[in-house]
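A quick write-up on the structure given underneath.
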Amino acid sequence: MRAVLKETVRDVRQVARGWRWGRRPLVPRSAEQFIAASSPTVFPTAWSRRRPARVAREAAQKGGLEPLFRSQVRTQVDGLDVLTGLTGPVIFVANHSSHLDTPLILLSLPDSWRRRTAVAAAADYFFDKWWRAVGSAIVFNAFPIDRRGGAMAATPGEVLDEGWSLVIYPEGTRTHDGWTGRFQTGAAYLAVQHQVPVVPIGLRGTFAAMPRGQNWPGRGRRQLTIRYGAPLYPGPGESARAFAPRVRAAVGALLDEERSTWWEARRRAASGSTPDPAGPPVASWRRVWAQTAPVEVDGRRRAWQD
Amino acid sequence: MSRPGFVLEVDDRTPPLLVHEGEGFRLEQFPLGTRVVYPPESMPAVPDVDATIRNALLHPVDADPLPSQLRPGMRLTIAFDDLSLPLPPMRAPDIRQRIIEAVLTLAADAGVDDVQLIAANALHRRMTDAELRHIVGERVFRSFHPQGLLYNHDAEDHDNLLHVGLTDKGEDVEINRRAAESDLLVYVNINLVAMDGGHKSVPIGLASYKSLRHHHNARTMVASHSFMDHNRSHLHHSAWRMGRLLAEHLNVFQIETTLNNDVFGAPYGFLQRREWEWSLRDQASVLAVRRGLAVAPARLRHRMFHDLRSVYGVTGINAGEVEAVHERTIATVHRQQLVEVDGQSDVLVMGIPFLGPYNVNSTMNPILATCMGLGYYFNSYRGRPVVRQGGAVILYHPLAPQFNQLHHPSYVDFYEEILPESTDPVVIEEKYERQFATDPWYIHLYRTSHAYHGVHPFYMWYWAAHAMDHVRDVIWVGADRRAAQRLGFRAASTLSDALEMASATVGPSPSITYLHNPPHLIADVR
Amino acid sequence: MTVLALEMYRSLPRHVAGRVLGSRLPGSFSGFVAPLRLVTRDEPDVRPGWARLRTRLSGICGSDLGALSGQTSLYFSALVSMPFVPGHEVVAELLDDCADLSAGTRVVVDPVLTCTARDVEPCPACLAGRTNHCERITVGHLRPGLQTGYCADTGGGWGQRFRAHRSQLHPVPDDLPDEQAVLIEPTACAVHTALRAQAAPNARVLVSGAGSVGLLTTLALRSLTTAGEITVVAKYAHQRELALLCGASEVVTPAEVLRRVRRATGAFQVRPEFGAPYLLGGVDVAIDAVGSRASLETALHATRAGGRVVLAGMPAPADLSAAWFRELEVVGAYASAQREEHGDGRGAFEIAGELARTDAVRGLAHSMARYPLYRWREALDHATGAGALGTVKVAFDPGSTR
């Protein structure tokens, strides 16, 4: 009897490890070319923006997500004042380096904004299994977008039209080294199409706290910072192709400001010498090294340096 | 659309892979870099089987349409493959039933009265009534069996054998008299693997020991590279000579069928899915089945596997002149089973499942397991063997020395008396084959009970002769040590131990290839 | 002077317990069930023609174990006198001069207590030299007892001293070690068995059992008869080697025996309902050298019609249908005779003395386990599991203290 139990435990453990329970299944490299392309199934999320789901979400975010999030990390929020005077909907655009980004943004927003904000999430990742899809939709108000097809599905525009603000990560995926990657034009296209402002957001520290491949923040309540920038309005007749770089520059400036001071960042922005948020072209370890340095927040930060 | 077979290279992302071992299976973590040969996925089945049959009978290859060959007053004999095909047995209705029914419908329309049906079981055991009924179906069984017109071929009934003649190489051709003296012999085959069919059907399936001994011997088998490739198999060359001689005396209308790779239906579907594509449900099934097997009594375990019926789809039916038909059949079989493999490796790993051709509704004893591994699986190649000359073969099977006394009486004696004396197929053949082939008790059991012929275990051993000649080391994982030793092999408890043992032959870091069958595959080694 | 001896006494509870447990828990009887005890006895006094002997070595025989575990048929209860000192396989040393033998001579003992020893009018059997057929084994000046080792008056080999009549004594050459000499008595029985088998030239013989009886019988068959193939049924690996040394042509396991005989003789095997299969056809002579039901039935079932089955072990009840239906000659083979009927006229002990010098007997003697009397429980336990423990014979060495 004992032996049977022992073998059962061994078997379960072997399967759990072999098939990466709780994590993404992987395909052997040599078998990748033989994987049939799965046709994306559109997961309906309209229900998640109706009242019952909104109540459930409020409970999940305030009762579950927020205490858990605060217990694991420390946060500093700057520049929320940009929202005053805005009525929404807007598109929040941020750099993306961690699964912590979404809760950080949502939990830093004032409640009235938070309750009206939806998150665009990769269909192939967050909506591949029903349970994952339901979870994403309830807790984060996520809705699926197809990042493989390139063209965005119809949903984001509809969500926007319903009066919801959106969180979009134009990079389309989490960065590998903490630096910002190429921005796709989807967010800019939406802003132009629906004539809504884009609010740039600079996120720092999330890569250090919980990079790709990790599914829980590192120990010791790491410091995260989030900085909101002034809204950008697409100019009359401005194309998405022209608007997108401006959005990226705004995010880059916020990240620059995060590292120095507002004034210096403004001056560099004015002279066009804002450092590229993609980071310096140095060895990858140095790029990771720079991004994993602890974020220092001393409370003495000012607009003007002494 | 079915995906082709391919060769997986085990990397750090590869989950443990399923390996069959008798009435059970294990999940094995293979060393990084191990090549795993996966068979192609099932080809789509023909949409309308009955229409396909009708088409094959009305538009045969290199032969007149069947209806035009049928006339009142003629002697018509229908012979068909026995229960060694397909494996596992097919869920009813069996394809043979559907073809035989179609042929009989035509015969009835043409007013043919003298019809007999013979199971071409050669030296295999007589099938029980239930087994016969499963193959030919209730209607055919009821119409022919009570009258004694549906029966098993008896290779020891000398009054009912006819010596047709000698081939140009002096081989006796002696087959069932009724079949040989018919105006038309219709043969219904299932071409599960590449060795079946063609002239292996009539000249072997309906033959006697006197005829079979010319090609079922160690010398022929060692020279057949492999017996799964009829162009390079001395066994088949001999059968072809016999078939051509028979063609001069006898009108044979050959009907060959090919099946796809749908071996395991629900709830065992995971057995033929690729491991990294296992859903959570598959993983749970694997765990449940494995744990169930661990606690199940042996009898229940046996039932679980042997009650399994496959859901094969029919991929093609060809009828007409034997050789022309067989060419088309083989092409379909290759389309379904061929996988290109780049070069040989030092070690070949194979998992022996619960079933081989000779233990349907029976026990797989160590001799049959050897035949399955070193015979059928080892020879499932085209070109060159998957393992290099002088390499090592690692097999998975418990090798429990259990024998079915009803089906395999001579196997017990072979195991207890012959193998301790010698395991060399040539020596065994010379010293003992005749004794066993002519033992009156074995002959009695073969003819009246349900026993394989006395000489059958020898054939199993010859089947493995090519492999024994080719490789240096044969190691069985998870096997009964004494049984393995008796067979002339070695036993190891784990794959790592087996590789450690093989390192004396193939070095400490050999290249390894694992054949992931069943479903059936043929490795096309370049 | 008193001497130490192991004494078997009458005890109904122990007898019953032994009967019930003995076959299921073979280890149990050596622990508490055996009606055996270590006692001090007065040294035996001596009648004319008799002499005192000092035991050098005394074997434990299967029949001793049978008696101690209550497995023996009650048939024999009338032929023994309790309490007795067991031990009929003895090599001993004369303490007194005895007729032509002087004190100090090393002898082996033919245990049968014949008319001569009992000092009564010789019965016809004894007159003919068929001493094992003696009919007077319950009368005379001795209390009943078919052999030394079953008689309350003679003592036995499992004691330090016992007495024997001159007619029982056979001197042992000085160069023959005790271990081989103690095997002369069982060898004599084996000689008797082999001669009783009356194997025709080239006859096929099956010996069921490869304990000391089976092995020595095989040796005797090979040496004294012109039998052809001798198949020995051996359970354990070491027995296999010894059987081949004794002259077996092939050695098979109990599970294989029927099939091997069938294969070798071309017999037909049939299976009755609810029963084990048996052969129609088979060997010419089969010898049951175990005395168990399974062994006897194997012998009965593997012998051709009109063949002969020799009971070399004390037989267990078995299905005798085959004996009737196949007209088998079932013959017993008890002890040995002073003049062997089917031999060349010599006594069995004389022939056995020669066989005792062969390599085969030396091989058997080599593995002999010796125990002092006070370790009798261990000794019996060892003897019960002798085959599995790689031993052929376990013997007491009453002179030893450890």
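In the structure tokens, chains take the letters A, B, ... in the order shown, each chain's residues start at 1, and ligands count up from 1 in the order shown.
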Among the residues of region 117-323 of chain B, find those DSSP assigns to alpha helix (DSSP H) from the backbone and print them as an MDAnalysis selection string.
-> chainID B and resid 129:136 138:144 177:180 202:205 209:212 218:223 234:249 280:295 298:306 322:323
Restricted to C-alpha atoms, what would the selected residues look like written as an mmCIF file, in the first residue's frame?
data_model
loop_
_atom_site.group_PDB
_atom_site.id
_atom_site.type_symbol
_atom_site.label_atom_id
_atom_site.label_comp_id
_atom_site.auth_asym_id
_atom_site.auth_seq_id
_atom_site.Cartn_x
_atom_site.Cartn_y
_atom_site.Cartn_z
ATOM 1 C CA ASP B 129 -15.970 -20.067 -33.563
ATOM 2 C CA ALA B 130 -16.296 -16.690 -31.904
ATOM 3 C CA GLU B 131 -13.061 -15.514 -33.465
ATOM 4 C CA LEU B 132 -14.139 -16.733 -36.891
ATOM 5 C CA ARG B 133 -17.481 -15.045 -36.470
ATOM 6 C CA HIS B 134 -15.790 -11.774 -35.579
ATOM 7 C CA ILE B 135 -13.803 -11.880 -38.814
ATOM 8 C CA VAL B 136 -16.450 -12.936 -41.309
ATOM 9 C CA GLU B 138 -22.669 -13.143 -38.286
ATOM 10 C CA ARG B 139 -24.354 -13.544 -41.664
ATOM 11 C CA VAL B 140 -21.515 -15.332 -43.390
ATOM 12 C CA PHE B 141 -20.819 -17.434 -40.321
ATOM 13 C CA ARG B 142 -24.414 -18.617 -40.061
ATOM 14 C CA SER B 143 -24.606 -19.438 -43.745
ATOM 15 C CA PHE B 144 -21.418 -21.448 -43.986
ATOM 16 C CA ARG B 177 -6.240 -29.048 -51.806
ATOM 17 C CA ARG B 178 -9.636 -27.363 -51.977
ATOM 18 C CA ALA B 179 -7.996 -24.003 -52.663
ATOM 19 C CA ALA B 180 -5.655 -25.500 -55.242
ATOM 20 C CA VAL B 202 -1.727 -17.904 -50.703
ATOM 21 C CA PRO B 203 1.640 -19.726 -50.862
ATOM 22 C CA ILE B 204 2.231 -19.192 -47.142
ATOM 23 C CA GLY B 205 -1.201 -18.803 -45.570
ATOM 24 C CA TYR B 209 5.126 -27.460 -43.024
ATOM 25 C CA LYS B 210 6.756 -29.193 -45.965
ATOM 26 C CA SER B 211 6.392 -26.050 -48.029
ATOM 27 C CA LEU B 212 7.004 -23.499 -45.295
ATOM 28 C CA ALA B 218 17.350 -19.147 -39.943
ATOM 29 C CA ARG B 219 19.418 -18.882 -43.114
ATOM 30 C CA THR B 220 16.679 -17.102 -45.045
ATOM 31 C CA MET B 221 15.838 -14.763 -42.231
ATOM 32 C CA VAL B 222 19.431 -13.660 -41.621
ATOM 33 C CA ALA B 223 19.695 -12.836 -45.310
ATOM 34 C CA HIS B 234 14.682 -13.859 -49.152
ATOM 35 C CA LEU B 235 11.546 -15.047 -47.440
ATOM 36 C CA HIS B 236 9.477 -13.106 -49.926
ATOM 37 C CA HIS B 237 11.666 -14.104 -52.869
ATOM 38 C CA SER B 238 10.878 -17.715 -52.069
ATOM 39 C CA ALA B 239 7.190 -16.960 -51.604
ATOM 40 C CA TRP B 240 7.181 -15.107 -54.927
ATOM 41 C CA ARG B 241 8.695 -18.101 -56.707
ATOM 42 C CA MET B 242 6.025 -20.292 -55.187
ATOM 43 C CA GLY B 243 3.316 -17.797 -56.061
ATOM 44 C CA ARG B 244 4.401 -17.654 -59.697
ATOM 45 C CA LEU B 245 4.355 -21.430 -59.882
ATOM 46 C CA LEU B 246 0.890 -21.462 -58.365
ATOM 47 C CA ALA B 247 -0.297 -18.829 -60.831
ATOM 48 C CA GLU B 248 0.311 -21.344 -63.607
ATOM 49 C CA HIS B 249 -2.094 -23.795 -61.995
ATOM 50 C CA LEU B 280 -4.602 18.029 -19.215
ATOM 51 C CA ARG B 281 -7.206 15.356 -19.755
ATOM 52 C CA ASP B 282 -4.663 13.107 -21.501
ATOM 53 C CA GLN B 283 -2.210 13.631 -18.677
ATOM 54 C CA ALA B 284 -4.871 12.737 -16.151
ATOM 55 C CA SER B 285 -5.783 9.628 -18.175
ATOM 56 C CA VAL B 286 -2.161 8.544 -18.258
ATOM 57 C CA LEU B 287 -1.863 8.906 -14.528
ATOM 58 C CA ALA B 288 -5.174 7.187 -13.895
ATOM 59 C CA VAL B 289 -4.409 4.274 -16.206
ATOM 60 C CA ARG B 290 -0.925 3.843 -14.832
ATOM 61 C CA ARG B 291 -2.100 3.834 -11.249
ATOM 62 C CA GLY B 292 -4.999 1.589 -12.138
ATOM 63 C CA LEU B 293 -2.673 -0.892 -13.773
ATOM 64 C CA ALA B 294 -0.387 -0.837 -10.772
ATOM 65 C CA VAL B 295 -3.118 -1.976 -8.405
ATOM 66 C CA ALA B 298 -3.097 -9.455 -13.444
ATOM 67 C CA ARG B 299 -6.274 -10.899 -14.908
ATOM 68 C CA LEU B 300 -7.998 -7.524 -15.028
ATOM 69 C CA ARG B 301 -4.917 -5.900 -16.501
ATOM 70 C CA HIS B 302 -4.875 -8.530 -19.204
ATOM 71 C CA ARG B 303 -8.557 -7.930 -19.937
ATOM 72 C CA MET B 304 -8.089 -4.171 -20.059
ATOM 73 C CA PHE B 305 -5.628 -4.490 -22.896
ATOM 74 C CA HIS B 306 -6.892 -7.511 -24.730
ATOM 75 C CA VAL B 322 -1.528 -10.508 -57.088
ATOM 76 C CA GLU B 323 1.655 -8.645 -57.957
#
Check which residues of chain A sit at most 7 Å from chain B using only C-alpha atoms, and return one row each with the closest pair of atoms and their distance in Å to one decimal, ordered by chain and rising number, as a tab-separated table.
residue	atom	partner	partner_atom	distance
A:Thr8	CA	B:Arg291	CA	6.6
A:Asp11	CA	B:Leu287	CA	6.9
A:Val12	CA	B:Leu287	CA	6.9
A:Gly18	CA	B:Pro15	CA	4.4
A:Trp19	CA	B:Pro15	CA	5.9
A:Leu26	CA	B:Arg13	CA	6.0
A:Val27	CA	B:Trp276	CA	5.9
A:Pro28	CA	B:Thr14	CA	5.1
A:Ser30	CA	B:Leu8	CA	5.6
A:Ala31	CA	B:Leu8	CA	6.1
Chain C residues within 9 Å of chain B, counting only C-alpha atoms: which ones, as JSON, numbers by chain?
-> {"C": [252, 256, 259, 260, 262, 263, 266, 267, 268, 269]}
Mind dumping the selected residues with C-alpha atoms as a PDB file, in the first residue's frame?
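Final output, again-v9.pdb:
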ATOM      1  CA  VAL C 252      14.370 -30.824 -14.618  1.00  0.00           C
ATOM      2  CA  GLU C 256       8.748 -28.937 -16.051  1.00  0.00           C
ATOM      3  CA  ARG C 259       6.289 -31.715 -20.256  1.00  0.00           C
ATOM      4  CA  ARG C 260       9.879 -32.883 -20.475  1.00  0.00           C
ATOM      5  CA  ARG C 262       6.178 -35.979 -22.680  1.00  0.00           C
ATOM      6  CA  ARG C 263       8.565 -34.390 -25.147  1.00  0.00           C
ATOM      7  CA  GLY C 266       6.414 -38.636 -27.488  1.00  0.00           C
ATOM      8  CA  ALA C 267       3.591 -39.247 -25.068  1.00  0.00           C
ATOM      9  CA  PHE C 268       0.216 -37.532 -25.135  1.00  0.00           C
ATOM     10  CA  GLN C 269      -0.739 -35.179 -22.389  1.00  0.00           C
TER      11      GLN C 269
END
Surrounding residues of Gly390 (chain C) excluding itself and chain neighbours under 5 positions, 12 Å, only C-alpha atoms, as a PyMOL selection string = chain C and resi 210-212+235-242+364+366-369+382-385
So that I have them on file, write out the residues from the current selection with C-alpha atoms, as a PDB file, in the first residue's frame.
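Dumped everything to part_15.pdb:
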ATOM      1  CA  ALA C 210      16.885 -34.964  -5.566  1.00  0.00           C
ATOM      2  CA  GLY C 211      17.401 -35.164  -1.836  1.00  0.00           C
ATOM      3  CA  SER C 212      19.813 -37.759  -0.526  1.00  0.00           C
ATOM      4  CA  LYS C 235      13.974 -28.268  -7.083  1.00  0.00           C
ATOM      5  CA  TYR C 236      17.211 -26.496  -6.238  1.00  0.00           C
ATOM      6  CA  ALA C 237      20.258 -25.476  -8.214  1.00  0.00           C
ATOM      7  CA  HIS C 238      22.860 -27.325  -6.137  1.00  0.00           C
ATOM      8  CA  GLN C 239      20.861 -30.519  -6.491  1.00  0.00           C
ATOM      9  CA  ARG C 240      21.114 -30.135 -10.233  1.00  0.00           C
ATOM     10  CA  GLU C 241      24.902 -30.296 -10.164  1.00  0.00           C
ATOM     11  CA  LEU C 242      24.929 -33.240  -7.800  1.00  0.00           C
ATOM     12  CA  LEU C 364      27.317 -35.308  -1.173  1.00  0.00           C
ATOM     13  CA  HIS C 366      31.178 -32.441   1.246  1.00  0.00           C
ATOM     14  CA  SER C 367      28.130 -30.344   1.994  1.00  0.00           C
ATOM     15  CA  MET C 368      27.161 -32.237   5.120  1.00  0.00           C
ATOM     16  CA  ALA C 369      26.166 -30.067   8.074  1.00  0.00           C
ATOM     17  CA  HIS C 382      18.293 -27.132   8.935  1.00  0.00           C
ATOM     18  CA  ALA C 383      17.306 -30.634   7.897  1.00  0.00           C
ATOM     19  CA  THR C 384      13.755 -29.502   7.106  1.00  0.00           C
ATOM     20  CA  GLY C 385      15.009 -26.809   4.779  1.00  0.00           C
TER      21      GLY C 385
END
Ala117 (chain C) surroundings by only C-alpha atoms, 10 Å radius, close-in-sequence under 6 positions cut, as number ranges by chain = C: 49-50, 137, 140-142, 164-168
What's the 10 Å shell around region 44-59 of chain A, counting only C-alpha atoms, without same-chain residues fewer than 6 positions away, as a list of chain:residue names?
-> A:Leu65, A:Asp111, A:Arg114, A:Arg115, A:Arg116, A:Thr117, A:Ala118, A:Phe127, A:Ala133, A:Val134, A:Ser136, A:Ala137, A:Ile138, A:Val139, A:Phe140, A:Asn141, A:Ala142, A:Phe143, A:Pro144, A:Thr155, A:Val159, A:Glu162, A:Trp164
Please save N, CA and C atoms of the selected residues as a JSON list (two decimals), in the first residue's frame.
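As written to disk, result_28.json reads:
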[["chain", "number", "residue", "atom", "x", "y", "z"],
["A", 65, "LEU", "N", -6.60, 41.18, -5.17],
["A", 65, "LEU", "CA", -5.41, 41.60, -5.92],
["A", 65, "LEU", "C", -4.61, 42.66, -5.18],
["A", 111, "ASP", "N", -10.00, 55.18, -8.39],
["A", 111, "ASP", "CA", -11.03, 54.17, -8.52],
["A", 111, "ASP", "C", -11.97, 54.42, -9.69],
["A", 114, "ARG", "N", -10.21, 53.46, -12.72],
["A", 114, "ARG", "CA", -9.90, 52.03, -12.74],
["A", 114, "ARG", "C", -11.13, 51.22, -13.17],
["A", 115, "ARG", "N", -12.29, 51.64, -12.65],
["A", 115, "ARG", "CA", -13.50, 50.87, -12.94],
["A", 115, "ARG", "C", -13.90, 50.95, -14.39],
["A", 116, "ARG", "N", -13.35, 51.92, -15.12],
["A", 116, "ARG", "CA", -13.73, 52.09, -16.52],
["A", 116, "ARG", "C", -12.55, 51.77, -17.45],
["A", 117, "THR", "N", -11.63, 50.99, -16.97],
["A", 117, "THR", "CA", -10.45, 50.69, -17.80],
["A", 117, "THR", "C", -10.39, 49.19, -18.12],
["A", 118, "ALA", "N", -10.19, 48.91, -19.41],
["A", 118, "ALA", "CA", -10.03, 47.52, -19.85],
["A", 118, "ALA", "C", -8.61, 47.32, -20.37],
["A", 127, "PHE", "N", -6.02, 33.83, -23.38],
["A", 127, "PHE", "CA", -7.34, 33.32, -23.70],
["A", 127, "PHE", "C", -7.27, 31.94, -24.35],
["A", 133, "ALA", "N", -8.96, 32.37, -19.52],
["A", 133, "ALA", "CA", -9.68, 33.48, -20.13],
["A", 133, "ALA", "C", -10.63, 34.12, -19.13],
["A", 134, "VAL", "N", -11.39, 33.29, -18.43],
["A", 134, "VAL", "CA", -12.35, 33.82, -17.47],
["A", 134, "VAL", "C", -11.62, 34.58, -16.37],
["A", 136, "SER", "N", -8.66, 36.06, -16.50],
["A", 136, "SER", "CA", -8.11, 37.32, -17.00],
["A", 136, "SER", "C", -9.23, 38.35, -17.14],
["A", 137, "ALA", "N", -10.36, 37.91, -17.64],
["A", 137, "ALA", "CA", -11.44, 38.85, -17.90],
["A", 137, "ALA", "C", -12.02, 39.39, -16.60],
["A", 138, "ILE", "N", -12.15, 38.53, -15.61],
["A", 138, "ILE", "CA", -12.76, 39.00, -14.36],
["A", 138, "ILE", "C", -11.79, 39.87, -13.58],
["A", 139, "VAL", "N", -10.57, 39.42, -13.40],
["A", 139, "VAL", "CA", -9.67, 40.14, -12.50],
["A", 139, "VAL", "C", -9.12, 41.39, -13.17],
["A", 140, "PHE", "N", -8.72, 41.29, -14.43],
["A", 140, "PHE", "CA", -8.03, 42.43, -15.06],
["A", 140, "PHE", "C", -8.90, 43.14, -16.10],
["A", 141, "ASN", "N", -10.12, 42.65, -16.28],
["A", 141, "ASN", "CA", -10.97, 43.21, -17.33],
["A", 141, "ASN", "C", -10.25, 43.12, -18.67],
["A", 142, "ALA", "N", -9.62, 41.98, -18.89],
["A", 142, "ALA", "CA", -8.87, 41.82, -20.13],
["A", 142, "ALA", "C", -9.81, 41.41, -21.25],
["A", 143, "PHE", "N", -9.46, 41.83, -22.48],
["A", 143, "PHE", "CA", -10.18, 41.32, -23.64],
["A", 143, "PHE", "C", -9.13, 40.90, -24.66],
["A", 144, "PRO", "N", -9.45, 39.91, -25.51],
["A", 144, "PRO", "CA", -8.39, 39.33, -26.35],
["A", 144, "PRO", "C", -8.08, 40.17, -27.58],
["A", 155, "THR", "N", -12.57, 44.18, -31.72],
["A", 155, "THR", "CA", -13.02, 44.46, -30.37],
["A", 155, "THR", "C", -12.49, 45.76, -29.74],
["A", 159, "VAL", "N", -14.82, 48.43, -27.67],
["A", 159, "VAL", "CA", -14.69, 48.65, -26.23],
["A", 159, "VAL", "C", -14.50, 50.15, -25.97],
["A", 162, "GLU", "N", -17.60, 52.05, -26.32],
["A", 162, "GLU", "CA", -18.53, 51.90, -25.20],
["A", 162, "GLU", "C", -18.16, 52.81, -24.05],
["A", 164, "TRP", "N", -15.01, 52.83, -22.54],
["A", 164, "TRP", "CA", -13.97, 52.28, -21.68],
["A", 164, "TRP", "C", -12.60, 52.80, -22.09]]
Work out how far CA of Ile53 (chain B) is from CA of Ile100 (chain B), in Å to one decimal.
-> 9.9 Å
Find the residues around Ala190 (chain C) up to 10 Å (only C-alpha atoms counted), leave out those fewer than 4 positions away in its own chain, and share them as a list in words.
->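 Selected residues are Ile184, Glu185, Pro186, Ala194, Leu195, Arg196, Ser212, Val213, Gly214, Leu215, Leu216, Thr217, Thr218, Leu219, Ala220, Leu221, Ala289, Ala312, Ala333, Tyr334, Ala335, Ser336, Ala348 and Ala352 of chain C.
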Identify all residues of region 315-508 of chain B in strand (DSSP E) (DSSP on the backbone) and supply them as number ranges by chain.
-> B: 315-320, 338-341, 345-351, 381-383, 387-396, 473-477, 490-492
Any chance you could export the current selection's C-alpha atoms as a PDB file, in the first residue's frame?
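The resulting out16.pdb:
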ATOM      1  CA  THR B 315      -7.365   3.695 -46.631  1.00  0.00           C
ATOM      2  CA  GLY B 316      -7.573   1.615 -49.745  1.00  0.00           C
ATOM      3  CA  ILE B 317      -8.800  -1.578 -51.370  1.00  0.00           C
ATOM      4  CA  ASN B 318      -7.159  -3.078 -54.420  1.00  0.00           C
ATOM      5  CA  ALA B 319      -8.187  -6.222 -56.223  1.00  0.00           C
ATOM      6  CA  GLY B 320      -6.990  -8.263 -59.157  1.00  0.00           C
ATOM      7  CA  LEU B 338       7.251   5.439 -43.789  1.00  0.00           C
ATOM      8  CA  VAL B 339       9.399   7.930 -41.856  1.00  0.00           C
ATOM      9  CA  GLU B 340      12.713   9.176 -43.134  1.00  0.00           C
ATOM     10  CA  VAL B 341      15.546   8.657 -40.667  1.00  0.00           C
ATOM     11  CA  SER B 345      22.613   5.027 -34.483  1.00  0.00           C
ATOM     12  CA  ASP B 346      24.534   3.072 -31.872  1.00  0.00           C
ATOM     13  CA  VAL B 347      21.553   2.150 -29.754  1.00  0.00           C
ATOM     14  CA  LEU B 348      18.006   1.294 -30.759  1.00  0.00           C
ATOM     15  CA  VAL B 349      15.280   1.539 -28.142  1.00  0.00           C
ATOM     16  CA  MET B 350      11.888  -0.119 -28.575  1.00  0.00           C
ATOM     17  CA  GLY B 351       8.942  -0.673 -26.266  1.00  0.00           C
ATOM     18  CA  TYR B 381      13.167  -0.538 -41.688  1.00  0.00           C
ATOM     19  CA  ARG B 382      13.893   0.055 -45.305  1.00  0.00           C
ATOM     20  CA  GLY B 383      17.444   0.383 -46.560  1.00  0.00           C
ATOM     21  CA  VAL B 387      20.962   0.537 -35.405  1.00  0.00           C
ATOM     22  CA  ARG B 388      24.453   0.092 -36.754  1.00  0.00           C
ATOM     23  CA  GLN B 389      26.150  -3.276 -37.129  1.00  0.00           C
ATOM     24  CA  GLY B 390      27.512  -4.281 -33.721  1.00  0.00           C
ATOM     25  CA  GLY B 391      25.327  -1.785 -31.874  1.00  0.00           C
ATOM     26  CA  ALA B 392      22.981  -2.399 -28.999  1.00  0.00           C
ATOM     27  CA  VAL B 393      19.230  -2.863 -28.764  1.00  0.00           C
ATOM     28  CA  ILE B 394      17.309  -1.897 -25.642  1.00  0.00           C
ATOM     29  CA  LEU B 395      13.813  -3.299 -25.284  1.00  0.00           C
ATOM     30  CA  TYR B 396      11.086  -2.754 -22.715  1.00  0.00           C
ATOM     31  CA  ASP B 473      24.023  -6.401 -27.162  1.00  0.00           C
ATOM     32  CA  VAL B 474      20.369  -6.946 -26.354  1.00  0.00           C
ATOM     33  CA  ILE B 475      19.175  -5.512 -23.034  1.00  0.00           C
ATOM     34  CA  TRP B 476      15.638  -5.699 -21.675  1.00  0.00           C
ATOM     35  CA  VAL B 477      14.495  -2.963 -19.324  1.00  0.00           C
ATOM     36  CA  ARG B 490      20.479  -9.298 -20.276  1.00  0.00           C
ATOM     37  CA  ALA B 491      18.060  -7.414 -18.077  1.00  0.00           C
ATOM     38  CA  ALA B 492      18.270  -3.940 -16.585  1.00  0.00           C
TER      39      ALA B 492
END
What is the distance, in Å and to one decimal place, between CA of Leu53 (chain C) and CA of Glu7 (chain C)?
->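 Atom-to-atom, CA of Leu53 (chain C) and CA of Glu7 (chain C) are spaced 17.3 Å apart.
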Selection near Phe92 (chain A), 6 Å with only C-alpha atoms, sequence-local residues under 5 positions removed, as a PyMOL selection string | chain A and resi 166-167+198-200
Expected file: the selected residues, N, CA and C atoms, as a CSV table (one decimal), in the first residue's frame:
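Resulting contents of part21.csv:
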chain,number,residue,atom,x,y,z
A,166,LEU,N,-8.6,52.1,-22.4
A,166,LEU,CA,-7.8,50.9,-22.6
A,166,LEU,C,-6.4,51.0,-22.1
A,167,VAL,N,-5.9,49.9,-21.7
A,167,VAL,CA,-4.4,49.8,-21.5
A,167,VAL,C,-3.9,48.9,-22.6
A,198,VAL,N,-3.9,59.8,-25.9
A,198,VAL,CA,-3.1,58.7,-25.4
A,198,VAL,C,-2.4,59.2,-24.2
A,199,VAL,N,-2.5,58.5,-23.1
A,199,VAL,CA,-1.7,58.8,-21.9
A,199,VAL,C,-0.5,57.9,-21.8
A,200,PRO,N,0.7,58.5,-21.9
A,200,PRO,CA,1.9,57.6,-21.9
A,200,PRO,C,2.2,57.3,-20.4
So what do you get for CA of Leu499 (chain B) versus CA of Phe25 (chain B), distance-wise?
->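 These two atoms are separated by 19.3 Å.
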